Amino acid sequence: MGLISLVYMSMSHHPMSDEELMRILEVARSHNQSHDITGMLLYRDDLFIQVMEGEDAVVLPLYEKIKTDPRHHHVLEVYQGSIEKRAFGQWAMGFNRVNDADFHDIPGFTEYLENNSEQAFFTDHPNRAIQFLEAFKNHAYF
């Protein structure tokens, strides 16, 4: 067994309310704490970007379950790799609702807005997704 980081993106079937997001976070945080999973979830319009860190024997089955969740579709793995140290170790599941201004605050991300939020912006360059998640690591709320 080894420690891994897995980043995926997906699209919600409808705009998520704060209440819906809170329910997702409550379940995720409870599960993650009991399974030693750390990570962060970002949400913008209908787009989710999430990183999960933990033992591969725990993270990979969880990801398989997440892929079948009916609240979202177009689940796409952006990155998976072994890690020596957790980047999001302080969060069972950090969260931030991202807005367009946030993209302008991070160098190189205005292109994402100009390309109508194409998933390829992240999937073609997985380091962008990781950089984006890292930018919000110290600004999680909920």
# chains A, B, ... in the order shown; residues from 1 in each chain; ligands from 1

call {"tool": "residues_around", "arguments": {"residues": "A:Met22", "least_positions_apart": "3", "cutoff": "12 Å", "atoms": "only C-alpha atoms", "output": "list in words"}}
result
Met16, Ser17, Asp18, Glu19, Leu25, Glu26, Val27, Ala28, Arg29, Leu41, Tyr43, Met93, Gly94, Phe95, Asn96, Arg97, Tyr141 and Phe142 of chain A

call {"tool": "select_by_dssp", "arguments": {"residues": "chain A", "states": "alpha helix (DSSP H)", "output": "PyMOL selection string"}}
result
chain A and resi 18-35+56-67+100-105+110-114+120-123+126-135

call {"tool": "residues_around", "arguments": {"residues": "A:Gln50", "least_positions_apart": "3", "cutoff": "9 Å", "atoms": "only C-alpha atoms", "output": "ChimeraX atom specification"}}
result
/A:6-10,39-43,129,133

call {"tool": "closest_residue", "arguments": {"among": "A:Phe48, A:Phe136, A:His125, A:Tyr79", "to": "A:Ile66", "atoms": "only C-alpha atoms"}}
result
A:Phe48

call {"tool": "select_by_dssp", "arguments": {"residues": "stretch 6-118 of chain A", "states": "strand (DSSP E or B)", "output": "VMD selection string"}}
result
chain A and resid 6 to 12 38 to 44 47 to 55 72 to 82 94 to 97

call {"tool": "write_last_selection", "arguments": {"atoms": "C-alpha atoms", "output": "short mmCIF file (atom, residue, chain, number, x, y, z; two decimals), in the first residue's frame"}}
result
data_model
loop_
_atom_site.label_atom_id
_atom_site.label_comp_id
_atom_site.auth_asym_id
_atom_site.auth_seq_id
_atom_site.Cartn_x
_atom_site.Cartn_y
_atom_site.Cartn_z
CA LEU A 6 -5.94 11.63 -7.02
CA VAL A 7 -7.48 14.67 -8.71
CA TYR A 8 -10.71 14.51 -10.68
CA MET A 9 -13.22 16.88 -12.23
CA SER A 10 -16.94 16.45 -12.78
CA MET A 11 -20.03 18.41 -13.68
CA SER A 12 -23.05 18.63 -11.38
CA THR A 38 -7.36 14.26 3.21
CA GLY A 39 -8.19 16.64 0.39
CA MET A 40 -10.07 19.59 -0.95
CA LEU A 41 -13.16 20.19 -3.05
CA LEU A 42 -13.64 23.26 -5.23
CA TYR A 43 -16.96 24.16 -6.83
CA ARG A 44 -17.64 26.75 -9.53
CA LEU A 47 -17.87 22.20 -12.02
CA PHE A 48 -16.27 20.20 -9.23
CA ILE A 49 -12.52 19.76 -8.84
CA GLN A 50 -11.42 17.51 -6.02
CA VAL A 51 -8.15 16.14 -4.70
CA MET A 52 -8.06 13.13 -2.40
CA GLU A 53 -4.95 11.92 -0.58
CA GLY A 54 -4.53 8.66 1.26
CA GLU A 55 -3.59 5.02 0.93
CA HIS A 72 -22.73 14.60 -11.14
CA HIS A 73 -21.58 13.38 -14.55
CA HIS A 74 -18.57 13.59 -16.86
CA VAL A 75 -16.28 12.41 -14.07
CA LEU A 76 -12.77 12.70 -15.40
CA GLU A 77 -9.54 11.74 -13.67
CA VAL A 78 -7.03 14.53 -14.10
CA TYR A 79 -4.11 13.15 -12.10
CA GLN A 80 -3.13 10.15 -10.03
CA GLY A 81 0.30 9.62 -8.55
CA SER A 82 2.30 8.45 -5.58
CA GLY A 94 -11.47 21.47 2.59
CA PHE A 95 -13.95 23.38 0.46
CA ASN A 96 -14.26 26.59 -1.46
CA ARG A 97 -16.90 27.96 -3.81
#

call {"tool": "atom_distance", "arguments": {"atom1": "atom CA of A:Ser30", "atom2": "atom CA of A:Trp91"}}
result
11.5 Å

call {"tool": "residues_around", "arguments": {"residues": "A:Glu84", "least_positions_apart": "3", "cutoff": "10 Å", "atoms": "only C-alpha atoms", "output": "list in words"}}
result
Gly2, Leu3, Ile4, Ser5 and Ala87 of chain A

call {"tool": "write_last_selection", "arguments": {"atoms": "all heavy atoms", "output": "PDB file, in the first residue's frame"}}
result
ATOM      1  N   GLY A   2       0.437   2.248  -0.738  1.00  0.00           N
ATOM      2  CA  GLY A   2       1.194   3.469  -0.791  1.00  0.00           C
ATOM      3  C   GLY A   2       0.292   4.684  -0.779  1.00  0.00           C
ATOM      4  O   GLY A   2      -0.894   4.619  -1.128  1.00  0.00           O
ATOM      5  N   LEU A   3       0.862   5.786  -0.389  1.00  0.00           N
ATOM      6  CA  LEU A   3       0.142   7.053  -0.325  1.00  0.00           C
ATOM      7  C   LEU A   3       0.028   7.625  -1.735  1.00  0.00           C
ATOM      8  O   LEU A   3       1.032   7.715  -2.450  1.00  0.00           O
ATOM      9  CB  LEU A   3       0.913   8.000   0.593  1.00  0.00           C
ATOM     10  CG  LEU A   3       0.216   9.213   1.152  1.00  0.00           C
ATOM     11  CD1 LEU A   3      -1.001   8.820   1.977  1.00  0.00           C
ATOM     12  CD2 LEU A   3       1.185  10.015   2.007  1.00  0.00           C
ATOM     13  N   ILE A   4      -1.196   8.020  -2.116  1.00  0.00           N
ATOM     14  CA  ILE A   4      -1.407   8.608  -3.437  1.00  0.00           C
ATOM     15  C   ILE A   4      -2.210   9.891  -3.336  1.00  0.00           C
ATOM     16  O   ILE A   4      -2.863  10.167  -2.337  1.00  0.00           O
ATOM     17  CB  ILE A   4      -2.128   7.644  -4.413  1.00  0.00           C
ATOM     18  CG1 ILE A   4      -3.569   7.369  -3.960  1.00  0.00           C
ATOM     19  CG2 ILE A   4      -1.339   6.369  -4.612  1.00  0.00           C
ATOM     20  CD1 ILE A   4      -4.432   6.737  -5.034  1.00  0.00           C
ATOM     21  N   SER A   5      -2.148  10.639  -4.429  1.00  0.00           N
ATOM     22  CA  SER A   5      -2.989  11.808  -4.632  1.00  0.00           C
ATOM     23  C   SER A   5      -3.783  11.548  -5.903  1.00  0.00           C
ATOM     24  O   SER A   5      -3.223  11.099  -6.907  1.00  0.00           O
ATOM     25  CB  SER A   5      -2.124  13.057  -4.799  1.00  0.00           C
ATOM     26  OG  SER A   5      -2.926  14.178  -5.111  1.00  0.00           O
ATOM     27  N   ALA A  87      -0.294  17.127   0.693  1.00  0.00           N
ATOM     28  CA  ALA A  87      -0.342  18.571   0.480  1.00  0.00           C
ATOM     29  C   ALA A  87      -1.545  19.193   1.186  1.00  0.00           C
ATOM     30  O   ALA A  87      -1.559  20.381   1.476  1.00  0.00           O
ATOM     31  CB  ALA A  87      -0.400  18.879  -1.015  1.00  0.00           C
TER      32      ALA A  87
END

call {"tool": "atom_distance", "arguments": {"atom1": "atom CA of A:Glu64", "atom2": "atom CA of A:Ala135"}}
result
26.5 Å

call {"tool": "atom_distance", "arguments": {"atom1": "atom CA of A:Phe132", "atom2": "atom CA of A:Asp56"}}
result
22.8 Å

call {"tool": "decode", "arguments": {"residues": "stretch 48-78 of chain A", "atoms": "N, CA, C and O atoms", "output": "short mmCIF file (atom, residue, chain, number, x, y, z; two decimals), in the first residue's frame"}}
result
data_model
loop_
_atom_site.label_atom_id
_atom_site.label_comp_id
_atom_site.auth_asym_id
_atom_site.auth_seq_id
_atom_site.Cartn_x
_atom_site.Cartn_y
_atom_site.Cartn_z
N PHE A 48 -16.98 20.63 -10.43
CA PHE A 48 -16.27 20.20 -9.23
C PHE A 48 -14.84 19.87 -9.61
O PHE A 48 -14.60 19.25 -10.66
N ILE A 49 -13.89 20.23 -8.77
CA ILE A 49 -12.52 19.76 -8.84
C ILE A 49 -12.17 19.29 -7.44
O ILE A 49 -12.34 20.04 -6.48
N GLN A 50 -11.73 18.05 -7.33
CA GLN A 50 -11.42 17.51 -6.02
C GLN A 50 -10.08 16.79 -6.04
O GLN A 50 -9.74 16.12 -7.01
N VAL A 51 -9.35 16.93 -4.93
CA VAL A 51 -8.15 16.14 -4.70
C VAL A 51 -8.39 15.30 -3.46
O VAL A 51 -8.96 15.77 -2.48
N MET A 52 -7.99 14.03 -3.55
CA MET A 52 -8.06 13.13 -2.40
C MET A 52 -6.67 12.55 -2.19
O MET A 52 -6.00 12.15 -3.16
N GLU A 53 -6.25 12.48 -0.93
CA GLU A 53 -4.95 11.92 -0.58
C GLU A 53 -5.16 10.82 0.46
O GLU A 53 -5.96 10.98 1.38
N GLY A 54 -4.45 9.74 0.30
CA GLY A 54 -4.53 8.66 1.26
C GLY A 54 -3.92 7.41 0.69
O GLY A 54 -3.30 7.43 -0.39
N GLU A 55 -4.10 6.31 1.40
CA GLU A 55 -3.59 5.02 0.93
C GLU A 55 -4.35 4.62 -0.33
O GLU A 55 -5.59 4.77 -0.39
N ASP A 56 -3.65 4.11 -1.32
CA ASP A 56 -4.30 3.74 -2.58
C ASP A 56 -5.42 2.73 -2.37
O ASP A 56 -6.45 2.78 -3.04
N ALA A 57 -5.28 1.84 -1.41
CA ALA A 57 -6.30 0.83 -1.14
C ALA A 57 -7.60 1.44 -0.61
O ALA A 57 -8.64 0.78 -0.60
N VAL A 58 -7.55 2.69 -0.17
CA VAL A 58 -8.73 3.39 0.33
C VAL A 58 -9.23 4.42 -0.69
O VAL A 58 -10.43 4.52 -0.94
N VAL A 59 -8.31 5.17 -1.29
CA VAL A 59 -8.69 6.24 -2.21
C VAL A 59 -9.27 5.68 -3.51
O VAL A 59 -10.30 6.18 -4.00
N LEU A 60 -8.68 4.66 -4.07
CA LEU A 60 -9.15 4.14 -5.36
C LEU A 60 -10.57 3.58 -5.29
O LEU A 60 -11.39 3.90 -6.16
N PRO A 61 -10.92 2.77 -4.28
CA PRO A 61 -12.32 2.33 -4.20
C PRO A 61 -13.29 3.49 -3.96
O PRO A 61 -14.41 3.48 -4.47
N LEU A 62 -12.86 4.49 -3.19
CA LEU A 62 -13.72 5.66 -2.97
C LEU A 62 -13.95 6.39 -4.29
O LEU A 62 -15.08 6.80 -4.59
N TYR A 63 -12.93 6.54 -5.08
CA TYR A 63 -13.08 7.21 -6.38
C TYR A 63 -14.04 6.43 -7.27
O TYR A 63 -14.88 7.03 -7.95
N GLU A 64 -13.96 5.10 -7.25
CA GLU A 64 -14.89 4.28 -8.04
C GLU A 64 -16.33 4.54 -7.59
O GLU A 64 -17.23 4.62 -8.43
N LYS A 65 -16.55 4.68 -6.30
CA LYS A 65 -17.88 4.97 -5.78
C LYS A 65 -18.32 6.37 -6.19
O LYS A 65 -19.47 6.59 -6.58
N ILE A 66 -17.41 7.34 -6.09
CA ILE A 66 -17.72 8.73 -6.46
C ILE A 66 -18.15 8.80 -7.92
O ILE A 66 -19.08 9.54 -8.27
N LYS A 67 -17.51 8.02 -8.78
CA LYS A 67 -17.84 8.06 -10.21
C LYS A 67 -19.29 7.67 -10.48
O LYS A 67 -19.85 8.06 -11.50
N THR A 68 -19.90 6.91 -9.59
CA THR A 68 -21.29 6.47 -9.81
C THR A 68 -22.31 7.35 -9.10
O THR A 68 -23.51 7.09 -9.19
N ASP A 69 -21.87 8.39 -8.41
CA ASP A 69 -22.78 9.28 -7.70
C ASP A 69 -23.68 10.00 -8.70
O ASP A 69 -23.19 10.66 -9.62
N PRO A 70 -25.00 9.90 -8.55
CA PRO A 70 -25.91 10.48 -9.53
C PRO A 70 -25.99 12.01 -9.51
O PRO A 70 -26.64 12.60 -10.38
N ARG A 71 -25.35 12.65 -8.56
CA ARG A 71 -25.41 14.12 -8.50
C ARG A 71 -24.48 14.79 -9.51
O ARG A 71 -24.54 16.00 -9.68
N HIS A 72 -23.64 14.00 -10.16
CA HIS A 72 -22.73 14.60 -11.14
C HIS A 72 -22.51 13.64 -12.31
O HIS A 72 -22.91 12.49 -12.29
N HIS A 73 -21.86 14.16 -13.34
CA HIS A 73 -21.58 13.38 -14.55
C HIS A 73 -20.26 13.87 -15.14
O HIS A 73 -19.65 14.80 -14.62
N HIS A 74 -19.84 13.24 -16.22
CA HIS A 74 -18.57 13.59 -16.86
C HIS A 74 -17.42 13.59 -15.85
O HIS A 74 -16.61 14.52 -15.81
N VAL A 75 -17.37 12.54 -15.04
CA VAL A 75 -16.28 12.41 -14.07
C VAL A 75 -15.02 12.06 -14.84
O VAL A 75 -14.99 11.11 -15.62
N LEU A 76 -13.99 12.84 -14.63
CA LEU A 76 -12.77 12.70 -15.40
C LEU A 76 -11.55 12.79 -14.48
O LEU A 76 -11.37 13.79 -13.78
N GLU A 77 -10.77 11.74 -14.47
CA GLU A 77 -9.54 11.74 -13.67
C GLU A 77 -8.52 12.65 -14.34
O GLU A 77 -8.22 12.49 -15.52
N VAL A 78 -8.01 13.58 -13.58
CA VAL A 78 -7.03 14.53 -14.10
C VAL A 78 -5.62 14.08 -13.75
O VAL A 78 -4.70 14.19 -14.56
#
